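Step one of this worksheet: look at the structure below.
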Amino acid sequence: MKLFPVLFLFLSAFSRADEIVLSDDGREVRIKDDGSWEFVSDDRFATTREGERIRLKSDGSWEKAPDDQSWVTVPASVGTFSRDRITEGSINLEITEVTIESVRSRQQKNTRLRSQVVTWLSVSSAEAQSFSLATGDISLADSRGKTYEIISITPERFEVSPEAPVKVRIIADDSPKWWGVKFFKYEIAPGVLGNAEVLELTRSLNEVQKLDTGALTE
């Protein structure tokens with residue numbers, strides 16, 4: 001019977017927007033409704049032998065945690081959230097794979113790094129339709145607000161039907177510095193896929209592959 005309150009608290013952490021939970025290392029994590037997450041502070045929480053909850057502050061001091069805080073501890077891996085599927089009318093979109101490709105080359109005494117983000121977007125439809133995509137129809141940004149130029153979309157024109165979904169490859173120039181970046185955000189402009197408003201998908205950086213290669217995908 002004691003398991004039910006714990007289970008209720010665990011489930012409630014994901015039923016409301018911007019819920020604050022604790023990761024495995026005792027850090028406060030804000031889980032957002034847009035599919036992203038962020039650390040609330042550099043403080044950590046711990047439990048004494050007497051069962052008292054304390055806050056370990058980043059300046060080396062500590063204090064008792066308020067009694068009215070009902071913390072939920074969940075595995076750190078649960079902080080990995082992506083909103084990479086969406087349905088708009090008869091169209092279904094899903095980000096199936098995102099890879100950061102990097103190439104390092106030597107120029108005299110210096111090392112040059114080139115990188116790009118390669119995204120595979122699956123497009124399916126409940127009815128036969130034809131679409132055209134241009135590089136300006138899709139935008140890519142990271143959680144820190146940096147934008148990445150879309151340089152290639154393949155195929156640019158395609159037909160989809162219930163029996164024939166299509167995978168679209170999207171390549172964006174450059175890549176983020178991993179420190180502090182939590183997710184990618186993709187936006188598809190209104191009207192591109194018959195959508196009345198902007199379509200937004202996100203992919204957590206924890207679910208992005210990183211590949212050092214001899215040549216970038218073209």
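Within each chain, counting starts at residue 1; across the structure tokens, chains are named A, B, ... in the order shown, with ligands numbered 1 upward in that order.
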
Restrict the calculation to only C-alpha atoms, then for each residue of range 165-184 of chain A with any atom at most 12 Å from an atom of range 84-91 of chain A give the closest atom pair and their distance in Å to one decimal, rows by chain and rising residue number, as JSON lines.
{"residue": "A:Pro165", "atom": "CA", "partner": "A:Ile91", "partner_atom": "CA", "distance": 10.1}
{"residue": "A:Val166", "atom": "CA", "partner": "A:Ile91", "partner_atom": "CA", "distance": 11.4}
{"residue": "A:Phe183", "atom": "CA", "partner": "A:Asp84", "partner_atom": "CA", "distance": 10.9}
{"residue": "A:Phe184", "atom": "CA", "partner": "A:Asp84", "partner_atom": "CA", "distance": 10.0}

Residues from the last selection, C-alpha atoms, saved as an mmCIF file, in the first residue's frame:
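File produced: selection-v5.cif:
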data_model
loop_
_atom_site.group_PDB
_atom_site.id
_atom_site.type_symbol
_atom_site.label_atom_id
_atom_site.label_comp_id
_atom_site.auth_asym_id
_atom_site.auth_seq_id
_atom_site.Cartn_x
_atom_site.Cartn_y
_atom_site.Cartn_z
ATOM 1 C CA PRO A 165 5.704 7.363 -46.434
ATOM 2 C CA VAL A 166 8.745 9.455 -47.407
ATOM 3 C CA PHE A 183 17.585 20.437 -27.530
ATOM 4 C CA PHE A 184 17.107 21.296 -31.185
#

- Message: List the spatial neighbours of Ser58 in chain A as a list in words - criterion: any atom at most 10 Å away, only C-alpha atoms, same-chain residues fewer than 5 positions off excluded.
- Response: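 The filter keeps Ser41, Asp42, Asp43 and Arg44 of chain A.
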
- Which residue out of A:Glu127, A:Ser82, A:Lys64, A:Ile171 has the minimum interatomic distance to Lys32 in chain A when only C-alpha atoms are used? A:Ser82

- Message: Quick one: residues within 7 Å of Ser130 in chain A, only C-alpha atoms, excluding same-chain residues fewer than 3 positions away - as a list in words?
- Response: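 Using only C-alpha atoms, the neighbours found are Phe158, Glu159 and Val160 of chain A.
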
- Message: I'd like the contact shell of Pro155 in chain A - 9 Å cut-off, only C-alpha atoms, skipping same-chain residues fewer than 3 positions apart - returned as a PyMOL selection string.
- Response: chain A and resi 132-133+158+167-169

- Task: Skip Thr213 in chain A itself and residues of its chain fewer than 2 positions away, then list as a list in words all residues within 12 Å of it, counting only C-alpha atoms.
- Result: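 What passes the distance filter is Thr99, Ile100, Glu101, Ser102, Val103, Arg104, Ser105, Leu113, Arg114, Ser115, Gln116, Lys210, Leu211, Ala215, Leu216 and Thr217 of chain A.
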
- Task: For Lys185 in chain A, work out the shell of residues within 6 Å, counting only C-alpha atoms and skipping chain neighbours fewer than 2 positions away, then give it as a count of residues only.
- Result: 5

- Query: A:Leu56, A:Val118, A:Val98, A:Leu22: which is nearest Asp173 in chain A, counting only C-alpha atoms?
  - Reply: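 Among the listed residues, the smallest separation from Asp173 in chain A belongs to A:Val118.
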